[in-house]
$ cat model-v1.cif   # mmCIF, C-alpha atoms
data_input
#
loop_
_atom_site.group_PDB
_atom_site.id
_atom_site.type_symbol
_atom_site.label_atom_id
_atom_site.label_comp_id
_atom_site.auth_asym_id
_atom_site.auth_seq_id
_atom_site.Cartn_x
_atom_site.Cartn_y
_atom_site.Cartn_z
ATOM 1 C CA MET C 107 0.000 0.000 0.000
ATOM 2 C CA ASP C 108 1.130 3.493 -0.863
ATOM 3 C CA GLY C 109 2.374 5.307 2.278
ATOM 4 C CA VAL C 110 0.165 8.304 1.548
ATOM 5 C CA ALA C 111 -3.011 6.538 0.377
ATOM 6 C CA TRP C 112 -4.785 7.287 3.661
ATOM 7 C CA LEU C 113 -4.554 11.022 2.851
ATOM 8 C CA ASP C 114 -7.029 10.503 -0.056
ATOM 9 C CA LEU C 115 -5.313 13.121 -2.205
ATOM 10 C CA ASN C 116 -5.834 14.088 -5.829
ATOM 11 C CA PRO C 117 -2.972 13.213 -8.239
ATOM 12 C CA ASN C 118 -0.806 16.359 -7.949
ATOM 13 C CA ALA C 119 -0.940 16.458 -4.150
ATOM 14 C CA ARG C 120 -0.462 12.683 -3.915
ATOM 15 C CA LYS C 121 2.653 12.800 -6.108
ATOM 16 C CA ALA C 122 4.097 15.627 -3.991
ATOM 17 C CA ALA C 123 3.395 13.737 -0.747
ATOM 18 C CA GLN C 124 5.049 10.626 -2.192
ATOM 19 C CA LEU C 125 8.122 12.667 -3.150
ATOM 20 C CA LEU C 126 8.424 14.091 0.361
ATOM 21 C CA LEU C 127 8.007 10.663 1.929
ATOM 22 C CA LYS C 128 10.641 9.198 -0.387
ATOM 23 C CA GLN C 129 13.080 12.023 0.372
ATOM 24 C CA PHE C 130 12.461 12.037 4.158
ATOM 25 C CA PRO C 131 11.113 8.564 5.046
ATOM 26 C CA ASN C 132 12.053 8.776 8.727
ATOM 27 C CA ASP C 133 11.122 12.402 9.298
ATOM 28 C CA ILE C 134 7.853 13.161 7.489
ATOM 29 C CA ARG C 135 4.609 12.687 9.379
ATOM 30 C CA PHE C 136 1.516 13.797 7.528
ATOM 31 C CA THR C 137 -1.196 15.122 9.812
ATOM 32 C CA SER C 138 -3.958 15.824 7.316
ATOM 33 C CA GLY C 139 -5.027 15.318 3.722
ATOM 34 C CA ARG C 140 -8.532 15.446 2.250
ATOM 35 C CA ARG C 141 -11.159 16.589 4.750
ATOM 36 C CA SER C 142 -14.931 16.418 4.774
ATOM 37 C CA ALA C 143 -16.866 19.483 5.916
ATOM 38 C CA GLU C 144 -17.151 17.829 9.343
ATOM 39 C CA GLN C 145 -13.391 17.209 9.527
ATOM 40 C CA GLN C 146 -12.589 20.742 8.311
ATOM 41 C CA ALA C 147 -14.934 22.286 10.874
ATOM 42 C CA SER C 148 -13.415 20.147 13.622
ATOM 43 C CA ALA C 149 -9.847 21.072 12.634
ATOM 44 C CA MET C 150 -10.700 24.774 12.616
ATOM 45 C CA SER C 151 -12.798 24.758 15.786
ATOM 46 C CA LYS C 152 -9.888 24.051 18.133
ATOM 47 C CA ASN C 153 -8.082 27.131 16.862
ATOM 48 C CA VAL C 154 -11.231 29.272 16.930
ATOM 49 C CA ALA C 155 -11.902 28.254 20.546
ATOM 50 C CA ALA C 156 -8.468 29.656 21.425
ATOM 51 C CA ASN C 157 -8.723 32.742 19.160
ATOM 52 C CA ARG C 158 -12.144 33.945 17.992
ATOM 53 C CA LYS C 159 -10.560 35.805 15.049
ATOM 54 C CA TRP C 160 -8.473 32.827 13.872
ATOM 55 C CA ILE C 161 -10.546 32.304 10.697
ATOM 56 C CA GLU C 162 -10.207 35.952 9.714
ATOM 57 C CA GLN C 163 -6.474 35.876 10.470
ATOM 58 C CA THR C 164 -5.821 32.622 8.612
ATOM 59 C CA TYR C 165 -7.905 32.370 5.440
ATOM 60 C CA LYS C 166 -7.874 34.605 2.380
ATOM 61 C CA ASP C 167 -10.651 37.162 2.127
ATOM 62 C CA THR C 168 -13.555 35.305 0.528
ATOM 63 C CA VAL C 169 -17.302 35.102 0.979
ATOM 64 C CA GLN C 170 -16.734 31.718 2.645
ATOM 65 C CA ARG C 171 -14.346 33.200 5.211
ATOM 66 C CA ALA C 172 -16.784 36.027 5.885
ATOM 67 C CA ASP C 173 -19.667 33.567 6.372
ATOM 68 C CA LEU C 174 -17.715 31.453 8.856
ATOM 69 C CA GLN C 175 -16.295 34.428 10.764
ATOM 70 C CA LYS C 176 -19.773 35.965 10.948
ATOM 71 C CA TRP C 177 -21.111 32.757 12.478
ATOM 72 C CA VAL C 178 -18.355 32.848 15.119
ATOM 73 C CA ASP C 179 -18.973 36.545 15.818
ATOM 74 C CA ASP C 180 -22.755 36.026 16.011
ATOM 75 C CA HIS C 181 -22.468 33.075 18.443
ATOM 76 C CA PRO C 182 -20.352 34.165 21.435
ATOM 77 C CA GLU C 183 -22.111 31.481 23.489
ATOM 78 C CA ALA C 184 -20.368 28.783 21.408
ATOM 79 C CA MET C 185 -17.199 28.456 23.450
ATOM 80 C CA THR C 186 -16.082 24.841 23.102
ATOM 81 C CA ALA C 187 -14.484 23.290 20.042
ATOM 82 C CA VAL C 188 -17.454 20.911 19.741
ATOM 83 C CA GLN C 189 -19.981 23.767 19.730
ATOM 84 C CA ILE C 190 -17.945 25.787 17.264
ATOM 85 C CA ALA C 191 -17.394 22.801 14.956
ATOM 86 C CA ALA C 192 -21.132 22.134 14.814
ATOM 87 C CA GLY C 193 -21.839 25.730 13.787
ATOM 88 C CA LEU C 194 -19.074 25.892 11.185
ATOM 89 C CA GLU C 195 -20.146 22.579 9.697
ATOM 90 C CA LYS C 196 -23.735 23.852 9.287
ATOM 91 C CA ILE C 197 -22.413 26.783 7.243
ATOM 92 C CA MET C 198 -20.131 24.599 5.096
ATOM 93 C CA ALA C 199 -22.911 22.069 4.472
ATOM 94 C CA LEU C 200 -24.664 24.749 2.408
ATOM 95 C CA TRP C 201 -21.703 25.176 0.036
ATOM 96 C CA ALA C 202 -21.336 23.583 -3.396
ATOM 97 C CA GLU C 203 -18.126 21.697 -4.257
ATOM 98 C CA ASP C 204 -16.458 24.702 -5.914
ATOM 99 C CA LYS C 205 -17.187 26.876 -2.894
ATOM 100 C CA LEU C 206 -15.699 24.234 -0.560
ATOM 101 C CA ARG C 207 -12.546 24.002 -2.687
ATOM 102 C CA GLY C 208 -12.356 27.791 -2.872
ATOM 103 C CA PHE C 209 -12.224 27.919 0.900
ATOM 104 C CA SER C 210 -9.857 25.042 1.648
ATOM 105 C CA ARG C 211 -8.051 22.765 -0.763
ATOM 106 C CA HIS C 212 -8.115 20.122 1.956
ATOM 107 C CA MET C 213 -11.776 19.678 1.078
ATOM 108 C CA SER C 214 -10.987 18.724 -2.520
ATOM 109 C CA GLY C 215 -7.961 16.545 -1.762
ATOM 110 C CA ASP C 216 -5.514 19.123 -3.130
ATOM 111 C CA ALA C 217 -3.690 19.890 0.147
ATOM 112 C CA PHE C 218 -1.877 18.211 2.986
ATOM 113 C CA ASP C 219 -0.304 19.197 6.292
ATOM 114 C CA VAL C 220 2.971 17.930 7.701
ATOM 115 C CA ALA C 221 3.965 17.859 11.377
ATOM 116 C CA PRO C 222 6.664 20.495 12.005
ATOM 117 C CA VAL C 223 10.185 19.113 12.373
ATOM 118 C CA PRO C 224 12.746 21.072 14.413
ATOM 119 C CA GLY C 225 16.331 21.883 13.533
ATOM 120 C CA PRO C 226 18.327 21.399 10.357
ATOM 121 C CA LYS C 227 16.166 18.501 9.145
ATOM 122 C CA GLY C 228 13.114 20.728 9.451
ATOM 123 C CA ALA C 229 14.834 23.397 7.363
ATOM 124 C CA GLU C 230 15.585 20.755 4.694
ATOM 125 C CA ILE C 231 11.952 19.637 4.651
ATOM 126 C CA LYS C 232 10.681 23.221 4.401
ATOM 127 C CA ALA C 233 12.999 23.834 1.454
ATOM 128 C CA ALA C 234 11.799 20.629 -0.210
ATOM 129 C CA ILE C 235 8.145 21.595 0.251
ATOM 130 C CA GLN C 236 8.773 24.897 -1.532
ATOM 131 C CA THR C 237 10.045 23.088 -4.641
ATOM 132 C CA LEU C 238 7.329 20.420 -4.973
ATOM 133 C CA PRO C 239 5.819 20.073 -8.457
ATOM 134 C CA LYS C 240 2.452 21.735 -9.096
ATOM 135 C CA LEU C 241 2.671 23.567 -5.746
ATOM 136 C CA GLN C 242 0.073 26.335 -5.726
ATOM 137 C CA TRP C 243 0.738 27.769 -2.225
ATOM 138 C CA TYR C 244 2.404 26.844 1.053
ATOM 139 C CA THR C 245 2.730 28.234 4.551
ATOM 140 C CA PHE C 246 4.471 27.247 7.741
ATOM 141 C CA LYS C 247 2.245 29.369 9.985
ATOM 142 C CA GLU C 248 -1.533 29.762 9.992
ATOM 143 C CA GLY C 249 -3.144 32.355 12.217
ATOM 144 C CA GLY C 250 -0.037 32.487 14.413
ATOM 145 C CA ILE C 251 0.123 28.671 14.832
ATOM 146 C CA GLU C 252 2.964 26.579 13.389
ATOM 147 C CA ILE C 253 1.276 24.434 10.742
ATOM 148 C CA TRP C 254 3.126 23.192 7.673
ATOM 149 C CA HIS C 255 0.600 23.302 4.855
ATOM 150 C CA ALA C 256 1.048 22.701 1.123
ATOM 151 C CA GLN C 257 -1.641 22.946 -1.546
ATOM 152 C CA PHE C 258 -1.546 22.045 -5.189
ATOM 153 C CA GLU C 259 -3.048 22.717 -8.585
ATOM 154 C CA ALA C 260 -6.055 20.543 -9.291
#

$ encode --input "model-v1.cif" --output "structure tokens"
Amino acid sequence: MDGVAWLDLNPNARKAAQLLLKQFPNDIRFTSGRRSAEQQASAMSKNVAANRKWIEQTYKDTVQRADLQKWVDDHPEAMTAVQIAAGLEKIMALWAEDKLRGFSRHMSGDAFDVAPVPGPKGAEIKAAIQTLPKLQWYTFKEGGIEIWHAQFEA
């Protein structure tokens, strides 16, 4: 079995993940690939519970971001990650496939996250991520949190 099959990625992202795993077999640990709306809401909710403006500070300015941030702003009583996830998921459930992909490429299988690696090996991995084929965008920090994220052309 392919070491990245569990990520359920589309071809460009899958090829990039396989390249990273081949280059750093003992150091790479993928933490996320394709996500459903429920999984995306859950992943975001932990960060939102800690910082109510995390969505606004993390995602590009889109209607989707505005819709999710508005829900957070309009529901100050939702304090736990579980409560927040439920609300965010209700918003995302209304979105068509293109709107989901336009918000997060995790939702279309065109992105993955890698656990941060300290020291010189981490610097090597970061450099390798930046040169992956069909890379559309990457970041090593999201909303002030160290998250190594790479997303790819469809």

$ residues_around --input "model-v1.cif" --residues "region 230-244 of chain C" --least-positions-apart "6" --cutoff "7 Å" --atoms "all atoms listed in the file" --output "list of chain:residue names"
C:Asn118, C:Ala122, C:His255, C:Ala256, C:Gln257, C:Phe258, C:Glu259

$ resolve_selection --input "model-v1.cif" --expression "the PyMOL selection byres ((chain C and resi 189) around 12)" --output "CSV table (one decimal) with C-alpha atoms, in the frame of the given file"
chain,number,residue,atom,x,y,z
C,147,ALA,CA,-14.9,22.3,10.9
C,148,SER,CA,-13.4,20.1,13.6
C,150,MET,CA,-10.7,24.8,12.6
C,151,SER,CA,-12.8,24.8,15.8
C,152,LYS,CA,-9.9,24.1,18.1
C,154,VAL,CA,-11.2,29.3,16.9
C,155,ALA,CA,-11.9,28.3,20.5
C,177,TRP,CA,-21.1,32.8,12.5
C,178,VAL,CA,-18.4,32.8,15.1
C,181,HIS,CA,-22.5,33.1,18.4
C,182,PRO,CA,-20.4,34.2,21.4
C,183,GLU,CA,-22.1,31.5,23.5
C,184,ALA,CA,-20.4,28.8,21.4
C,185,MET,CA,-17.2,28.5,23.4
C,186,THR,CA,-16.1,24.8,23.1
C,187,ALA,CA,-14.5,23.3,20.0
C,188,VAL,CA,-17.5,20.9,19.7
C,190,ILE,CA,-17.9,25.8,17.3
C,191,ALA,CA,-17.4,22.8,15.0
C,192,ALA,CA,-21.1,22.1,14.8
C,193,GLY,CA,-21.8,25.7,13.8
C,194,LEU,CA,-19.1,25.9,11.2
C,195,GLU,CA,-20.1,22.6,9.7
C,196,LYS,CA,-23.7,23.9,9.3

$ atom_distance --input "model-v1.cif" --atom1 "CA of Pro222 (chain C)" --atom2 "CA of Asp133 (chain C)"
9.6 Å

$ residues_around --input "model-v1.cif" --residues "Tyr165 (chain C)" --least-positions-apart "2" --cutoff "9 Å" --atoms "all atoms listed in the file" --output "list in words"
Trp160, Ile161, Glu162, Gln163, Asp167, Thr168, Arg171, Phe209, Ser210, Glu248 and Gly249 of chain C

$ atom_distance --input "model-v1.cif" --atom1 "CA of Asp108 (chain C)" --atom2 "CA of Ser142 (chain C)"
21.4 Å

$ resolve_selection --input "model-v1.cif" --expression "the PyMOL selection byres ((chain C and resi 138) around 6)" --output "list in words"
Phe136, Thr137, Gly139, Phe218 and Asp219 of chain C

$ atom_distance --input "model-v1.cif" --atom1 "CA of Ile253 (chain C)" --atom2 "CA of Val223 (chain C)"
10.5 Å

$ resolve_selection --input "model-v1.cif" --expression "the PyMOL selection byres ((chain C and resi 141) around 8)" --output "PyMOL selection string"
chain C and resi 138-140+142-146+212-215

$ closest_residue --input "model-v1.cif" --among "C:Ala229, C:Leu115, C:Leu126, C:Ala199" --to "Ala217 (chain C)" --atoms "only C-alpha atoms"
C:Leu115

$ axis_aligned_box --input "model-v1.cif" --around "region 217-234 of chain C" --padding-each-side "3 Å" --output "AutoDock Vina command-line options"
--center_x 7.3 --center_y 20.8 --center_z 7.1 --size_x 28.0 --size_y 12.0 --size_z 20.6

$ closest_residue --input "model-v1.cif" --among "C:Ile134, C:Asn116, C:Thr245, C:Lys159" --to "Asp179 (chain C)" --atoms "all atoms listed in the file"
C:Lys159

$ closest_residue --input "model-v1.cif" --among "C:Ala221, C:Leu200, C:Pro117, C:Trp112" --to "Ile251 (chain C)" --atoms "all atoms listed in the file"
C:Ala221

$ decode --input "model-v1.cif" --residues "region 196-211 of chain C" --atoms "all heavy atoms" --output "compact mmCIF listing (two decimals), in the first residue's frame"
# COMPACT_ATOMS: atom_id res chain seq x y z
N LYS C 196 -22.42 23.48 9.84
CA LYS C 196 -23.73 23.85 9.29
C LYS C 196 -23.58 24.86 8.15
O LYS C 196 -24.29 24.79 7.14
CB LYS C 196 -24.63 24.43 10.38
CG LYS C 196 -25.22 23.39 11.30
CD LYS C 196 -26.10 24.03 12.36
CE LYS C 196 -26.57 22.98 13.34
NZ LYS C 196 -27.28 23.56 14.48
N ILE C 197 -22.65 25.79 8.30
CA ILE C 197 -22.41 26.78 7.24
C ILE C 197 -21.82 26.09 6.02
O ILE C 197 -22.29 26.27 4.89
CB ILE C 197 -21.46 27.90 7.74
CG1 ILE C 197 -22.06 28.65 8.92
CG2 ILE C 197 -21.08 28.84 6.59
CD1 ILE C 197 -23.33 29.40 8.63
N MET C 198 -20.80 25.26 6.22
CA MET C 198 -20.13 24.60 5.10
C MET C 198 -21.04 23.60 4.38
O MET C 198 -20.88 23.38 3.18
CB MET C 198 -18.85 23.90 5.57
CG MET C 198 -17.74 24.88 5.86
SD MET C 198 -16.19 24.03 6.22
CE MET C 198 -16.18 24.15 7.99
N ALA C 199 -21.99 23.04 5.08
CA ALA C 199 -22.91 22.07 4.47
C ALA C 199 -23.76 22.71 3.38
O ALA C 199 -24.28 22.02 2.50
CB ALA C 199 -23.80 21.45 5.54
N LEU C 200 -23.87 24.03 3.41
CA LEU C 200 -24.66 24.75 2.41
C LEU C 200 -23.87 25.04 1.13
O LEU C 200 -24.45 25.47 0.14
CB LEU C 200 -25.15 26.07 3.00
CG LEU C 200 -26.00 25.99 4.28
CD1 LEU C 200 -26.25 27.38 4.84
CD2 LEU C 200 -27.30 25.27 3.99
N TRP C 201 -22.56 24.81 1.15
CA TRP C 201 -21.70 25.18 0.04
C TRP C 201 -21.61 24.09 -1.02
O TRP C 201 -21.50 22.91 -0.71
CB TRP C 201 -20.29 25.47 0.53
CG TRP C 201 -20.16 26.64 1.46
CD1 TRP C 201 -21.09 27.59 1.74
CD2 TRP C 201 -19.03 26.95 2.25
NE1 TRP C 201 -20.60 28.49 2.65
CE2 TRP C 201 -19.33 28.12 2.98
CE3 TRP C 201 -17.78 26.37 2.41
CZ2 TRP C 201 -18.43 28.71 3.85
CZ3 TRP C 201 -16.88 26.96 3.27
CH2 TRP C 201 -17.20 28.12 3.98
N ALA C 202 -21.58 24.49 -2.27
CA ALA C 202 -21.34 23.58 -3.40
C ALA C 202 -19.85 23.22 -3.41
O ALA C 202 -19.03 23.88 -2.75
CB ALA C 202 -21.72 24.26 -4.70
N GLU C 203 -19.51 22.21 -4.19
CA GLU C 203 -18.13 21.70 -4.26
C GLU C 203 -17.11 22.79 -4.58
O GLU C 203 -16.06 22.87 -3.96
CB GLU C 203 -18.05 20.58 -5.30
CG GLU C 203 -16.75 19.81 -5.29
CD GLU C 203 -16.57 18.94 -4.06
OE1 GLU C 203 -17.57 18.48 -3.50
OE2 GLU C 203 -15.41 18.73 -3.66
N ASP C 204 -17.41 23.66 -5.55
CA ASP C 204 -16.46 24.70 -5.91
C ASP C 204 -16.26 25.71 -4.78
O ASP C 204 -15.16 26.23 -4.59
CB ASP C 204 -16.89 25.41 -7.20
CG ASP C 204 -18.20 26.15 -7.08
OD1 ASP C 204 -19.11 25.67 -6.36
OD2 ASP C 204 -18.34 27.21 -7.73
N LYS C 205 -17.29 25.95 -4.02
CA LYS C 205 -17.19 26.88 -2.89
C LYS C 205 -16.35 26.25 -1.76
O LYS C 205 -15.56 26.93 -1.12
CB LYS C 205 -18.58 27.25 -2.39
CG LYS C 205 -18.63 28.57 -1.67
CD LYS C 205 -20.06 29.04 -1.46
CE LYS C 205 -20.07 30.36 -0.74
NZ LYS C 205 -21.40 30.84 -0.43
N LEU C 206 -16.51 24.94 -1.55
CA LEU C 206 -15.70 24.23 -0.56
C LEU C 206 -14.23 24.31 -0.95
O LEU C 206 -13.38 24.65 -0.13
CB LEU C 206 -16.13 22.76 -0.45
CG LEU C 206 -17.50 22.51 0.16
CD1 LEU C 206 -17.92 21.05 -0.07
CD2 LEU C 206 -17.52 22.83 1.64
N ARG C 207 -13.93 23.99 -2.21
CA ARG C 207 -12.55 24.00 -2.69
C ARG C 207 -11.98 25.42 -2.63
O ARG C 207 -10.80 25.61 -2.33
CB ARG C 207 -12.47 23.46 -4.11
CG ARG C 207 -11.04 23.36 -4.62
CD ARG C 207 -11.01 22.75 -6.03
NE ARG C 207 -9.66 22.46 -6.39
CZ ARG C 207 -8.79 23.36 -6.84
NH1 ARG C 207 -9.17 24.62 -6.97
NH2 ARG C 207 -7.58 23.02 -7.15
N GLY C 208 -12.80 26.41 -2.92
CA GLY C 208 -12.36 27.79 -2.87
C GLY C 208 -12.01 28.26 -1.47
O GLY C 208 -11.26 29.21 -1.29
N PHE C 209 -12.54 27.57 -0.48
CA PHE C 209 -12.22 27.92 0.90
C PHE C 209 -11.00 27.17 1.39
O PHE C 209 -10.08 27.76 1.95
CB PHE C 209 -13.41 27.63 1.83
CG PHE C 209 -13.09 27.93 3.26
CD1 PHE C 209 -12.89 29.23 3.68
CD2 PHE C 209 -12.95 26.91 4.18
CE1 PHE C 209 -12.55 29.52 5.00
CE2 PHE C 209 -12.61 27.18 5.49
CZ PHE C 209 -12.41 28.49 5.90
N SER C 210 -10.98 25.86 1.19
CA SER C 210 -9.86 25.04 1.65
C SER C 210 -9.61 23.91 0.67
O SER C 210 -10.50 23.10 0.41
CB SER C 210 -10.13 24.45 3.03
OG SER C 210 -9.11 23.53 3.38
N ARG C 211 -8.40 23.84 0.17
CA ARG C 211 -8.05 22.76 -0.76
C ARG C 211 -7.98 21.41 -0.07
O ARG C 211 -7.92 20.39 -0.73
CB ARG C 211 -6.76 23.09 -1.49
CG ARG C 211 -6.97 24.30 -2.39
CD ARG C 211 -6.15 24.24 -3.60
NE ARG C 211 -6.50 25.40 -4.43
CZ ARG C 211 -6.06 25.57 -5.62
NH1 ARG C 211 -5.27 24.68 -6.16
NH2 ARG C 211 -6.40 26.63 -6.30
